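Raw contents of coords_6.cif, mmCIF, N, CA and C atoms:
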data_protein
#
loop_
_atom_site.label_atom_id
_atom_site.label_comp_id
_atom_site.auth_asym_id
_atom_site.auth_seq_id
_atom_site.Cartn_x
_atom_site.Cartn_y
_atom_site.Cartn_z
N MET O 998 10.52 -5.74 -32.98
CA MET O 998 10.82 -4.49 -32.31
C MET O 998 10.39 -3.33 -33.20
N ARG O 999 9.71 -2.38 -32.63
CA ARG O 999 9.21 -1.23 -33.39
C ARG O 999 10.12 -0.03 -33.14
N TYR O 1000 11.02 0.23 -34.09
CA TYR O 1000 11.98 1.32 -33.93
C TYR O 1000 11.32 2.69 -33.97
N VAL O 1001 10.19 2.79 -34.66
CA VAL O 1001 9.48 4.07 -34.73
C VAL O 1001 9.01 4.48 -33.34
N ARG O 1002 8.64 3.50 -32.54
CA ARG O 1002 8.21 3.80 -31.16
C ARG O 1002 9.35 4.42 -30.35
N PHE O 1003 10.58 3.96 -30.57
CA PHE O 1003 11.72 4.55 -29.89
C PHE O 1003 11.90 6.02 -30.30
N VAL O 1004 11.74 6.30 -31.57
CA VAL O 1004 11.88 7.67 -32.06
C VAL O 1004 10.79 8.56 -31.47
N LYS O 1005 9.57 8.06 -31.47
CA LYS O 1005 8.47 8.82 -30.87
C LYS O 1005 8.72 9.05 -29.39
N GLY O 1006 9.23 8.04 -28.71
CA GLY O 1006 9.56 8.17 -27.29
C GLY O 1006 10.65 9.20 -27.05
N ALA O 1007 11.68 9.18 -27.90
CA ALA O 1007 12.78 10.14 -27.76
C ALA O 1007 12.29 11.57 -27.92
N VAL O 1008 11.46 11.80 -28.93
CA VAL O 1008 10.92 13.14 -29.16
C VAL O 1008 10.04 13.57 -27.99
N THR O 1009 9.17 12.68 -27.55
CA THR O 1009 8.27 12.99 -26.43
C THR O 1009 9.05 13.31 -25.16
N VAL O 1010 10.01 12.48 -24.83
CA VAL O 1010 10.78 12.68 -23.59
C VAL O 1010 11.62 13.95 -23.68
N ALA O 1011 12.23 14.21 -24.83
CA ALA O 1011 13.04 15.41 -24.98
C ALA O 1011 12.20 16.68 -24.84
N VAL O 1012 11.05 16.71 -25.49
CA VAL O 1012 10.18 17.89 -25.41
C VAL O 1012 9.64 18.06 -23.99
N SER O 1013 9.24 16.96 -23.36
CA SER O 1013 8.72 17.02 -21.99
C SER O 1013 9.80 17.49 -21.02
N THR O 1014 11.01 17.01 -21.21
CA THR O 1014 12.12 17.42 -20.35
C THR O 1014 12.41 18.90 -20.52
N ALA O 1015 12.43 19.38 -21.75
CA ALA O 1015 12.67 20.80 -22.00
C ALA O 1015 11.57 21.66 -21.38
N ALA O 1016 10.34 21.22 -21.49
CA ALA O 1016 9.23 22.00 -20.92
C ALA O 1016 9.31 22.05 -19.40
N CYS O 1017 9.55 20.92 -18.76
CA CYS O 1017 9.61 20.90 -17.30
C CYS O 1017 10.84 21.62 -16.77
N HIS O 1018 11.96 21.49 -17.48
CA HIS O 1018 13.17 22.20 -17.06
C HIS O 1018 12.97 23.71 -17.19
N SER O 1019 12.35 24.15 -18.28
CA SER O 1019 12.07 25.57 -18.47
C SER O 1019 11.11 26.10 -17.41
N LEU O 1020 10.11 25.30 -17.08
CA LEU O 1020 9.18 25.67 -16.02
C LEU O 1020 9.91 25.88 -14.70
N MET O 1021 10.79 24.96 -14.36
CA MET O 1021 11.54 25.08 -13.11
C MET O 1021 12.48 26.28 -13.15
N TYR O 1022 13.15 26.49 -14.26
CA TYR O 1022 14.08 27.61 -14.40
C TYR O 1022 13.35 28.94 -14.18
N ALA O 1023 12.23 29.11 -14.86
CA ALA O 1023 11.47 30.36 -14.75
C ALA O 1023 10.80 30.49 -13.38
N GLY O 1024 10.24 29.41 -12.87
CA GLY O 1024 9.57 29.46 -11.57
C GLY O 1024 10.52 29.75 -10.43
N PHE O 1025 11.69 29.13 -10.46
CA PHE O 1025 12.67 29.38 -9.40
C PHE O 1025 13.23 30.80 -9.50
N ALA O 1026 13.34 31.34 -10.71
CA ALA O 1026 13.78 32.73 -10.87
C ALA O 1026 12.74 33.67 -10.24
N GLY O 1027 11.46 33.38 -10.46
CA GLY O 1027 10.41 34.18 -9.83
C GLY O 1027 10.43 34.07 -8.32
N ALA O 1028 10.71 32.89 -7.81
CA ALA O 1028 10.81 32.70 -6.36
C ALA O 1028 11.98 33.49 -5.78
N ARG O 1029 13.11 33.51 -6.50
CA ARG O 1029 14.28 34.28 -6.04
C ARG O 1029 13.97 35.77 -6.04
N GLU O 1030 13.28 36.24 -7.07
CA GLU O 1030 12.90 37.66 -7.14
C GLU O 1030 11.96 38.02 -6.00
N SER O 1031 11.02 37.16 -5.71
CA SER O 1031 10.09 37.40 -4.61
C SER O 1031 10.83 37.43 -3.28
N ALA O 1032 11.78 36.54 -3.11
CA ALA O 1032 12.56 36.52 -1.87
C ALA O 1032 13.43 37.76 -1.75
N ALA O 1033 13.99 38.22 -2.86
CA ALA O 1033 14.84 39.41 -2.82
C ALA O 1033 14.03 40.66 -2.53
N ALA O 1034 12.79 40.71 -2.99
CA ALA O 1034 11.94 41.87 -2.77
C ALA O 1034 11.49 41.97 -1.32
N SER O 1035 11.43 40.85 -0.63
CA SER O 1035 10.97 40.83 0.77
C SER O 1035 12.06 40.23 1.66
N GLU O 1036 13.14 40.94 1.81
CA GLU O 1036 14.26 40.42 2.58
C GLU O 1036 13.91 40.16 4.04
N ASP O 1037 12.93 40.87 4.56
CA ASP O 1037 12.56 40.71 5.97
C ASP O 1037 11.79 39.41 6.23
N ASP O 1038 11.08 38.94 5.26
CA ASP O 1038 10.25 37.76 5.41
C ASP O 1038 11.07 36.51 5.10
N MET O 1039 11.24 35.66 6.10
CA MET O 1039 12.04 34.44 5.93
C MET O 1039 11.41 33.48 4.92
N TRP O 1040 10.11 33.51 4.78
CA TRP O 1040 9.39 32.57 3.91
C TRP O 1040 9.08 33.16 2.54
N ALA O 1041 9.61 34.32 2.23
CA ALA O 1041 9.34 34.95 0.94
C ALA O 1041 9.87 34.05 -0.19
N GLY O 1042 9.05 33.80 -1.15
CA GLY O 1042 9.42 32.97 -2.29
C GLY O 1042 9.19 31.49 -2.08
N ALA O 1043 8.88 31.07 -0.84
CA ALA O 1043 8.70 29.64 -0.57
C ALA O 1043 7.47 29.09 -1.31
N GLY O 1044 6.41 29.87 -1.36
CA GLY O 1044 5.21 29.43 -2.05
C GLY O 1044 5.45 29.22 -3.53
N GLU O 1045 6.15 30.17 -4.16
CA GLU O 1045 6.47 30.04 -5.58
C GLU O 1045 7.38 28.84 -5.83
N PHE O 1046 8.34 28.65 -4.94
CA PHE O 1046 9.28 27.54 -5.06
C PHE O 1046 8.53 26.20 -5.00
N LEU O 1047 7.67 26.05 -4.00
CA LEU O 1047 6.93 24.80 -3.84
C LEU O 1047 5.95 24.58 -4.98
N LEU O 1048 5.28 25.62 -5.42
CA LEU O 1048 4.34 25.51 -6.54
C LEU O 1048 5.06 25.11 -7.82
N THR O 1049 6.22 25.70 -8.07
CA THR O 1049 7.01 25.36 -9.26
C THR O 1049 7.45 23.91 -9.22
N THR O 1050 7.95 23.47 -8.07
CA THR O 1050 8.41 22.09 -7.95
C THR O 1050 7.26 21.12 -8.14
N ALA O 1051 6.14 21.37 -7.50
CA ALA O 1051 4.97 20.49 -7.62
C ALA O 1051 4.44 20.48 -9.05
N ALA O 1052 4.43 21.63 -9.69
CA ALA O 1052 3.94 21.70 -11.07
C ALA O 1052 4.83 20.90 -12.01
N SER O 1053 6.12 20.98 -11.81
CA SER O 1053 7.05 20.22 -12.66
C SER O 1053 6.86 18.72 -12.45
N TRP O 1054 6.72 18.32 -11.22
CA TRP O 1054 6.56 16.90 -10.92
C TRP O 1054 5.23 16.35 -11.44
N ALA O 1055 4.19 17.16 -11.41
CA ALA O 1055 2.88 16.71 -11.91
C ALA O 1055 2.82 16.79 -13.43
N LEU O 1056 3.52 17.75 -14.01
CA LEU O 1056 3.46 17.96 -15.45
C LEU O 1056 4.21 16.90 -16.24
N MET O 1057 5.33 16.39 -15.72
CA MET O 1057 6.13 15.44 -16.49
C MET O 1057 5.35 14.18 -16.90
N PRO O 1058 4.71 13.47 -15.97
CA PRO O 1058 3.96 12.28 -16.43
C PRO O 1058 2.83 12.63 -17.39
N LEU O 1059 2.20 13.76 -17.16
CA LEU O 1059 1.13 14.19 -18.05
C LEU O 1059 1.65 14.46 -19.46
N LEU O 1060 2.78 15.13 -19.57
CA LEU O 1060 3.36 15.41 -20.88
C LEU O 1060 3.84 14.13 -21.57
N LEU O 1061 4.41 13.21 -20.79
CA LEU O 1061 4.85 11.95 -21.38
C LEU O 1061 3.67 11.19 -21.96
N TRP O 1062 2.60 11.11 -21.20
CA TRP O 1062 1.40 10.41 -21.66
C TRP O 1062 0.80 11.11 -22.89
N ALA O 1063 0.61 12.42 -22.79
CA ALA O 1063 -0.03 13.17 -23.88
C ALA O 1063 0.83 13.13 -25.14
N GLY O 1064 2.13 13.25 -24.99
CA GLY O 1064 3.01 13.22 -26.17
C GLY O 1064 2.93 11.91 -26.91
N MET O 1065 2.94 10.82 -26.17
CA MET O 1065 2.86 9.51 -26.83
C MET O 1065 1.47 9.29 -27.44
N ARG O 1066 0.44 9.76 -26.78
CA ARG O 1066 -0.92 9.61 -27.33
C ARG O 1066 -1.10 10.44 -28.59
N VAL O 1067 -0.54 11.65 -28.61
CA VAL O 1067 -0.63 12.50 -29.80
C VAL O 1067 0.06 11.81 -30.98
N MET O 1068 1.11 11.07 -30.70
CA MET O 1068 1.82 10.36 -31.77
C MET O 1068 1.22 9.00 -32.08
N GLY O 1069 0.08 8.70 -31.46
CA GLY O 1069 -0.65 7.48 -31.79
C GLY O 1069 -0.21 6.23 -31.06
N GLU O 1070 0.54 6.38 -30.00
CA GLU O 1070 1.02 5.22 -29.25
C GLU O 1070 0.18 5.02 -28.00
N THR O 1071 -0.13 3.77 -27.70
CA THR O 1071 -0.84 3.42 -26.48
C THR O 1071 0.04 2.47 -25.67
N GLY O 1072 -0.43 2.10 -24.49
CA GLY O 1072 0.34 1.20 -23.65
C GLY O 1072 1.59 1.86 -23.10
N ASN O 1073 1.45 3.06 -22.57
CA ASN O 1073 2.58 3.86 -22.12
C ASN O 1073 2.73 3.89 -20.60
N THR O 1074 2.17 2.93 -19.92
CA THR O 1074 2.15 2.95 -18.45
C THR O 1074 3.55 2.97 -17.85
N VAL O 1075 4.43 2.14 -18.36
CA VAL O 1075 5.79 2.07 -17.80
C VAL O 1075 6.51 3.40 -18.02
N LEU O 1076 6.42 3.96 -19.21
CA LEU O 1076 7.06 5.25 -19.49
C LEU O 1076 6.53 6.33 -18.57
N VAL O 1077 5.23 6.41 -18.42
CA VAL O 1077 4.62 7.47 -17.61
C VAL O 1077 4.98 7.30 -16.13
N ALA O 1078 4.85 6.09 -15.61
CA ALA O 1078 5.10 5.86 -14.19
C ALA O 1078 6.58 5.99 -13.85
N VAL O 1079 7.42 5.26 -14.54
CA VAL O 1079 8.85 5.28 -14.23
C VAL O 1079 9.47 6.62 -14.64
N GLY O 1080 9.09 7.13 -15.79
CA GLY O 1080 9.60 8.42 -16.22
C GLY O 1080 9.25 9.54 -15.26
N GLY O 1081 8.02 9.53 -14.75
CA GLY O 1081 7.61 10.53 -13.76
C GLY O 1081 8.38 10.41 -12.46
N LEU O 1082 8.57 9.19 -11.99
CA LEU O 1082 9.32 8.98 -10.75
C LEU O 1082 10.79 9.35 -10.89
N VAL O 1083 11.37 8.99 -12.02
CA VAL O 1083 12.78 9.34 -12.24
C VAL O 1083 12.94 10.85 -12.35
N TRP O 1084 11.98 11.52 -12.99
CA TRP O 1084 12.04 12.99 -13.07
C TRP O 1084 11.94 13.59 -11.67
N LEU O 1085 11.09 13.04 -10.83
CA LEU O 1085 10.97 13.51 -9.46
C LEU O 1085 12.32 13.42 -8.76
N GLY O 1086 12.99 12.29 -8.89
CA GLY O 1086 14.30 12.12 -8.25
C GLY O 1086 15.36 13.01 -8.87
N LEU O 1087 15.40 13.08 -10.19
CA LEU O 1087 16.41 13.88 -10.88
C LEU O 1087 16.27 15.36 -10.58
N SER O 1088 15.07 15.88 -10.73
CA SER O 1088 14.87 17.31 -10.48
C SER O 1088 15.00 17.63 -9.00
N GLY O 1089 14.61 16.69 -8.15
CA GLY O 1089 14.80 16.91 -6.71
C GLY O 1089 16.26 16.93 -6.33
N TYR O 1090 17.04 16.04 -6.91
CA TYR O 1090 18.47 15.97 -6.61
C TYR O 1090 19.21 17.22 -7.08
N PHE O 1091 18.83 17.74 -8.24
CA PHE O 1091 19.52 18.90 -8.81
C PHE O 1091 18.78 20.22 -8.56
N THR O 1092 17.93 20.26 -7.56
CA THR O 1092 17.19 21.49 -7.25
C THR O 1092 18.13 22.65 -6.96
N ASP O 1093 19.17 22.40 -6.20
CA ASP O 1093 20.11 23.49 -5.88
C ASP O 1093 20.82 24.01 -7.13
N ASP O 1094 21.09 23.13 -8.08
CA ASP O 1094 21.76 23.56 -9.31
C ASP O 1094 20.87 24.47 -10.14
N ILE O 1095 19.61 24.13 -10.27
CA ILE O 1095 18.72 24.92 -11.10
C ILE O 1095 18.17 26.14 -10.35
N ASP O 1096 18.23 26.11 -9.02
CA ASP O 1096 17.69 27.20 -8.22
C ASP O 1096 18.61 28.41 -8.16
N ARG O 1097 19.87 28.25 -8.46
CA ARG O 1097 20.76 29.42 -8.42
C ARG O 1097 20.61 30.22 -9.71
N ALA O 1098 20.97 31.49 -9.65
CA ALA O 1098 20.83 32.37 -10.80
C ALA O 1098 21.62 31.82 -11.98
N GLY O 1099 20.95 31.63 -13.11
CA GLY O 1099 21.59 31.11 -14.31
C GLY O 1099 21.88 29.63 -14.25
N GLY O 1100 21.34 28.94 -13.26
CA GLY O 1100 21.64 27.53 -13.08
C GLY O 1100 20.74 26.62 -13.91
N HIS O 1101 21.26 25.44 -14.17
CA HIS O 1101 20.53 24.43 -14.93
C HIS O 1101 20.87 23.06 -14.38
N ILE O 1102 20.00 22.10 -14.66
CA ILE O 1102 20.34 20.71 -14.39
C ILE O 1102 21.47 20.36 -15.35
N PRO O 1103 22.50 19.65 -14.90
CA PRO O 1103 23.61 19.32 -15.81
C PRO O 1103 23.12 18.61 -17.08
N VAL O 1104 23.73 18.97 -18.19
CA VAL O 1104 23.33 18.44 -19.49
C VAL O 1104 23.45 16.92 -19.52
N LEU O 1105 24.50 16.38 -18.93
CA LEU O 1105 24.69 14.94 -18.93
C LEU O 1105 23.52 14.23 -18.23
N ALA O 1106 23.05 14.80 -17.13
CA ALA O 1106 21.91 14.21 -16.41
C ALA O 1106 20.66 14.26 -17.28
N LEU O 1107 20.45 15.34 -17.99
CA LEU O 1107 19.29 15.45 -18.87
C LEU O 1107 19.38 14.47 -20.04
N VAL O 1108 20.56 14.31 -20.59
CA VAL O 1108 20.75 13.36 -21.69
C VAL O 1108 20.47 11.93 -21.21
N VAL O 1109 20.97 11.59 -20.03
CA VAL O 1109 20.73 10.25 -19.48
C VAL O 1109 19.24 10.05 -19.25
N TYR O 1110 18.54 11.08 -18.78
CA TYR O 1110 17.11 10.97 -18.56
C TYR O 1110 16.38 10.73 -19.89
N VAL O 1111 16.75 11.46 -20.93
CA VAL O 1111 16.10 11.29 -22.23
C VAL O 1111 16.39 9.89 -22.78
N LEU O 1112 17.61 9.40 -22.62
CA LEU O 1112 17.94 8.04 -23.09
C LEU O 1112 17.15 6.99 -22.31
N LEU O 1113 17.04 7.18 -21.01
CA LEU O 1113 16.25 6.23 -20.20
C LEU O 1113 14.78 6.26 -20.63
N GLY O 1114 14.23 7.45 -20.82
CA GLY O 1114 12.84 7.57 -21.27
C GLY O 1114 12.63 6.95 -22.64
N THR O 1115 13.60 7.11 -23.52
CA THR O 1115 13.51 6.50 -24.85
C THR O 1115 13.47 4.98 -24.73
N ALA O 1116 14.33 4.45 -23.89
CA ALA O 1116 14.34 2.99 -23.68
C ALA O 1116 13.03 2.52 -23.07
N LEU O 1117 12.50 3.27 -22.12
CA LEU O 1117 11.23 2.90 -21.51
C LEU O 1117 10.09 2.93 -22.51
N ALA O 1118 10.10 3.93 -23.38
CA ALA O 1118 9.05 4.06 -24.39
C ALA O 1118 9.09 2.88 -25.37
N GLY O 1119 10.28 2.48 -25.74
CA GLY O 1119 10.42 1.37 -26.67
C GLY O 1119 10.15 0.03 -26.05
N ALA O 1120 10.41 -0.08 -24.76
CA ALA O 1120 10.22 -1.36 -24.08
C ALA O 1120 8.78 -1.59 -23.68
N ASP O 1121 7.96 -0.55 -23.69
CA ASP O 1121 6.56 -0.69 -23.31
C ASP O 1121 5.81 -1.52 -24.35
N THR O 1122 4.61 -1.92 -24.00
CA THR O 1122 3.86 -2.86 -24.85
C THR O 1122 3.52 -2.28 -26.21
N GLY O 1123 3.09 -1.04 -26.23
CA GLY O 1123 2.71 -0.43 -27.49
C GLY O 1123 1.48 -1.05 -28.12
N ARG O 1124 0.69 -1.77 -27.35
CA ARG O 1124 -0.50 -2.41 -27.90
C ARG O 1124 -1.56 -1.36 -28.21
N ARG O 1125 -2.36 -1.66 -29.19
CA ARG O 1125 -3.44 -0.76 -29.58
C ARG O 1125 -4.69 -1.11 -28.80
N ASP O 1126 -5.25 -0.14 -28.10
CA ASP O 1126 -6.48 -0.36 -27.34
C ASP O 1126 -7.69 -0.09 -28.17
#

Go through the file and emit its structure as structure tokens.
Amino acid sequence: MRYVRFVKGAVTVAVSTAACHSLMYAGFAGARESAAASEDDMWAGAGEFLLTTAASWALMPLLLWAGMRVMGETGNTVLVAVGGLVWLGLSGYFTDDIDRAGGHIPVLALVVYVLLGTALAGADTGRRD
């Protein structure tokens, strides 16, 4: 068992989670501001909201892959695929929490996600290509 791979996975998942959570926090704030500026338009802010959500969902697997590659690890398919799908479900489930002013995904949910990602990173093959 390669314990260093677990540490690299933990760092990668934590940084990726912080980046995607920050993206959603800022993007949803912009969507709320856009909606508040155009009270007459029912769809005001919808474009920003959808773009932010899609960007977060697309960015997470990319960051997981890039982070592990920067740290010299290969064979990250399980981490990237499962981590991306779990982020899609987690951020989708807590969209209402992060979409309100000053809102965030609950810390416990983020910690569980980082622990799951760490386990996935360590359980992957880690073979050198």

I'd like the contact shell of range 1017-1021 of chain O - 6.5 Å cut-off, all atoms listed in the file, skipping same-chain residues fewer than 6 positions apart - returned as a compact mmCIF listing (two decimals) with N, CA and C atoms, in the frame of the given file.
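Output file out_1.txt follows:
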# COMPACT_ATOMS: atom_id res chain seq x y z
N THR O 1049 6.22 25.70 -8.07
CA THR O 1049 7.01 25.36 -9.26
C THR O 1049 7.45 23.91 -9.22
N THR O 1050 7.95 23.47 -8.07
CA THR O 1050 8.41 22.09 -7.95
C THR O 1050 7.26 21.12 -8.14
N SER O 1053 6.12 20.98 -11.81
CA SER O 1053 7.05 20.22 -12.66
C SER O 1053 6.86 18.72 -12.45
N MET O 1057 5.33 16.39 -15.72
CA MET O 1057 6.13 15.44 -16.49
C MET O 1057 5.35 14.18 -16.90
N ILE O 1095 19.61 24.13 -10.27
CA ILE O 1095 18.72 24.92 -11.10
C ILE O 1095 18.17 26.14 -10.35

* Asked: Just how far from CA of Leu1087 in chain O is atom C of Ala1041 in chain O, in Å to one decimal?
  -> 23.7 Å

* To do: Rounded to one decimal place, report the CA of Gly1027 in chain O-atom N of Leu1048 in chain O distance in Å.
  =>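 Answer for the CA of Gly1027 in chain O to atom N of Leu1048 in chain O separation: 10.9 Å.
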
* What is the CA of Met1039 in chain O to CA of Ala1026 in chain O distance in Å? -> 17.0 Å

Quick one: axis-aligned box around all listed atoms of range 1034-1041 of chain O, 3 Å on every side, centre and edge lengths in Å to one decimal, written as JSON.
{"center_x": 11.7, "center_y": 37.3, "center_z": 1.6, "size_x": 11.2, "size_y": 15.4, "size_z": 15.2}

With the file shown as input, list the residues that the PyMOL selection byres ((chain O and resi 1115) around 8) selects, as a compact mmCIF listing (two decimals) with N, CA and C atoms, keeping the file's coordinate frame.
# COMPACT_ATOMS: atom_id res chain seq x y z
N ARG O 1002 8.64 3.50 -32.54
CA ARG O 1002 8.21 3.80 -31.16
C ARG O 1002 9.35 4.42 -30.35
N PHE O 1003 10.58 3.96 -30.57
CA PHE O 1003 11.72 4.55 -29.89
C PHE O 1003 11.90 6.02 -30.30
N VAL O 1004 11.74 6.30 -31.57
CA VAL O 1004 11.88 7.67 -32.06
C VAL O 1004 10.79 8.56 -31.47
N LYS O 1005 9.57 8.06 -31.47
CA LYS O 1005 8.47 8.82 -30.87
C LYS O 1005 8.72 9.05 -29.39
N GLY O 1006 9.23 8.04 -28.71
CA GLY O 1006 9.56 8.17 -27.29
C GLY O 1006 10.65 9.20 -27.05
N ALA O 1007 11.68 9.18 -27.90
CA ALA O 1007 12.78 10.14 -27.76
C ALA O 1007 12.29 11.57 -27.92
N VAL O 1008 11.46 11.80 -28.93
CA VAL O 1008 10.92 13.14 -29.16
C VAL O 1008 10.04 13.57 -27.99
N THR O 1009 9.17 12.68 -27.55
CA THR O 1009 8.27 12.99 -26.43
C THR O 1009 9.05 13.31 -25.16
N VAL O 1010 10.01 12.48 -24.83
CA VAL O 1010 10.78 12.68 -23.59
C VAL O 1010 11.62 13.95 -23.68
N ALA O 1011 12.23 14.21 -24.83
CA ALA O 1011 13.04 15.41 -24.98
C ALA O 1011 12.20 16.68 -24.84
N LEU O 1076 6.42 3.96 -19.21
CA LEU O 1076 7.06 5.25 -19.49
C LEU O 1076 6.53 6.33 -18.57
N VAL O 1109 20.97 11.59 -20.03
CA VAL O 1109 20.73 10.25 -19.48
C VAL O 1109 19.24 10.05 -19.25
N TYR O 1110 18.54 11.08 -18.78
CA TYR O 1110 17.11 10.97 -18.56
C TYR O 1110 16.38 10.73 -19.89
N VAL O 1111 16.75 11.46 -20.93
CA VAL O 1111 16.10 11.29 -22.23
C VAL O 1111 16.39 9.89 -22.78
N LEU O 1112 17.61 9.40 -22.62
CA LEU O 1112 17.94 8.04 -23.09
C LEU O 1112 17.15 6.99 -22.31
N LEU O 1113 17.04 7.18 -21.01
CA LEU O 1113 16.25 6.23 -20.20
C LEU O 1113 14.78 6.26 -20.63
N GLY O 1114 14.23 7.45 -20.82
CA GLY O 1114 12.84 7.57 -21.27
C GLY O 1114 12.63 6.95 -22.64
N ALA O 1116 14.33 4.45 -23.89
CA ALA O 1116 14.34 2.99 -23.68
C ALA O 1116 13.03 2.52 -23.07
N LEU O 1117 12.50 3.27 -22.12
CA LEU O 1117 11.23 2.90 -21.51
C LEU O 1117 10.09 2.93 -22.51
N ALA O 1118 10.10 3.93 -23.38
CA ALA O 1118 9.05 4.06 -24.39
C ALA O 1118 9.09 2.88 -25.37
N GLY O 1119 10.28 2.48 -25.74
CA GLY O 1119 10.42 1.37 -26.67
C GLY O 1119 10.15 0.03 -26.05
N ALA O 1120 10.41 -0.08 -24.76
CA ALA O 1120 10.22 -1.36 -24.08
C ALA O 1120 8.78 -1.59 -23.68
N ASP O 1121 7.96 -0.55 -23.69
CA ASP O 1121 6.56 -0.69 -23.31
C ASP O 1121 5.81 -1.52 -24.35

* To do: Skip Trp1054 in chain O itself and residues of its chain fewer than 6 positions away, then list as an NGL selection string all residues within 7 Å of it, counting only N, CA and C atoms.
  => :O and (1081 or 1084-1085)

* **alpha helix (DSSP H) per DSSP on the backbone: members of range 1005-1126 of chain O, as a VMD selection string** => chain O and resid 1005 to 1034 1043 to 1067 1074 to 1090 1092 to 1096 1104 to 1120

Show me, as a short mmCIF file (atom, residue, chain, number, x, y, z; two decimals) with N, CA and C atoms, in the frame of the given file, the residues that have an atom within 7 Å of Asp1096 in chain O when counting all atoms listed in the file, minus same-chain residues fewer than 4 positions from it.
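Done, and the output landed in out17.cif:
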data_model
loop_
_atom_site.label_atom_id
_atom_site.label_comp_id
_atom_site.auth_asym_id
_atom_site.auth_seq_id
_atom_site.Cartn_x
_atom_site.Cartn_y
_atom_site.Cartn_z
N TYR O 1022 13.15 26.49 -14.26
CA TYR O 1022 14.08 27.61 -14.40
C TYR O 1022 13.35 28.94 -14.18
N PHE O 1025 11.69 29.13 -10.46
CA PHE O 1025 12.67 29.38 -9.40
C PHE O 1025 13.23 30.80 -9.50
N ALA O 1026 13.34 31.34 -10.71
CA ALA O 1026 13.78 32.73 -10.87
C ALA O 1026 12.74 33.67 -10.24
N PHE O 1091 18.83 17.74 -8.24
CA PHE O 1091 19.52 18.90 -8.81
C PHE O 1091 18.78 20.22 -8.56
N THR O 1092 17.93 20.26 -7.56
CA THR O 1092 17.19 21.49 -7.25
C THR O 1092 18.13 22.65 -6.96
N GLY O 1100 21.34 28.94 -13.26
CA GLY O 1100 21.64 27.53 -13.08
C GLY O 1100 20.74 26.62 -13.91
N HIS O 1101 21.26 25.44 -14.17
CA HIS O 1101 20.53 24.43 -14.93
C HIS O 1101 20.87 23.06 -14.38
#

* Have a look at O:Val1104, O:Ala1043, O:Ala1052, O:Val1077 and name the one nearest to Gly1064 in chain O; count only C-alpha atoms. =>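 Closest to Gly1064 in chain O of all the choices is O:Val1077.
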
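Residue nearest Glu1030 in chain O within the list O:Gly1069, O:Ala1055, O:Phe1046, O:Val1083: O:Phe1046 [criterion: smallest interatomic distance, only C-alpha atoms].
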
To test your reading of the syntax: which residues would the PyMOL selection byres (((chain O and resi 1073 and name CA) around 9) and name CA) return for the file shown? Reply as a tab-separated table (two decimals) with N, CA and C atoms, keeping the file's coordinate frame.
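That gives us selection14.tsv:
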chain	number	residue	atom	x	y	z
O	1061	LEU	N	4.41	13.21	-20.79
O	1061	LEU	CA	4.85	11.95	-21.38
O	1061	LEU	C	3.67	11.19	-21.96
O	1062	TRP	N	2.60	11.11	-21.20
O	1062	TRP	CA	1.40	10.41	-21.66
O	1062	TRP	C	0.80	11.11	-22.89
O	1065	MET	N	2.94	10.82	-26.17
O	1065	MET	CA	2.86	9.51	-26.83
O	1065	MET	C	1.47	9.29	-27.44
O	1066	ARG	N	0.44	9.76	-26.78
O	1066	ARG	CA	-0.92	9.61	-27.33
O	1066	ARG	C	-1.10	10.44	-28.59
O	1070	GLU	N	0.54	6.38	-30.00
O	1070	GLU	CA	1.02	5.22	-29.25
O	1070	GLU	C	0.18	5.02	-28.00
O	1071	THR	N	-0.13	3.77	-27.70
O	1071	THR	CA	-0.84	3.42	-26.48
O	1071	THR	C	0.04	2.47	-25.67
O	1072	GLY	N	-0.43	2.10	-24.49
O	1072	GLY	CA	0.34	1.20	-23.65
O	1072	GLY	C	1.59	1.86	-23.10
O	1074	THR	N	2.17	2.93	-19.92
O	1074	THR	CA	2.15	2.95	-18.45
O	1074	THR	C	3.55	2.97	-17.85
O	1075	VAL	N	4.43	2.14	-18.36
O	1075	VAL	CA	5.79	2.07	-17.80
O	1075	VAL	C	6.51	3.40	-18.02
O	1076	LEU	N	6.42	3.96	-19.21
O	1076	LEU	CA	7.06	5.25	-19.49
O	1076	LEU	C	6.53	6.33	-18.57
O	1077	VAL	N	5.23	6.41	-18.42
O	1077	VAL	CA	4.62	7.47	-17.61
O	1077	VAL	C	4.98	7.30	-16.13
O	1078	ALA	N	4.85	6.09	-15.61
O	1078	ALA	CA	5.10	5.86	-14.19
O	1078	ALA	C	6.58	5.99	-13.85
O	1117	LEU	N	12.50	3.27	-22.12
O	1117	LEU	CA	11.23	2.90	-21.51
O	1117	LEU	C	10.09	2.93	-22.51
O	1118	ALA	N	10.10	3.93	-23.38
O	1118	ALA	CA	9.05	4.06	-24.39
O	1118	ALA	C	9.09	2.88	-25.37
O	1121	ASP	N	7.96	-0.55	-23.69
O	1121	ASP	CA	6.56	-0.69	-23.31
O	1121	ASP	C	5.81	-1.52	-24.35
O	1122	THR	N	4.61	-1.92	-24.00
O	1122	THR	CA	3.86	-2.86	-24.85
O	1122	THR	C	3.52	-2.28	-26.21
O	1123	GLY	N	3.09	-1.04	-26.23
O	1123	GLY	CA	2.71	-0.43	-27.49
O	1123	GLY	C	1.48	-1.05	-28.12

* Asked: So which one's closest to Arg1029 in chain O, O:Gly1086, O:Pro1058, O:Gly1080, O:Gly1099? Using only C-alpha atoms, please.
  ->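 The closest residue to Arg1029 in chain O is O:Gly1099.
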
* To do: Could you tell me which of O:Gly1044, O:Val1108, O:Ala1028, O:Thr1014 comes closest to Leu1056 in chain O if we count only C-alpha atoms?
  => O:Thr1014
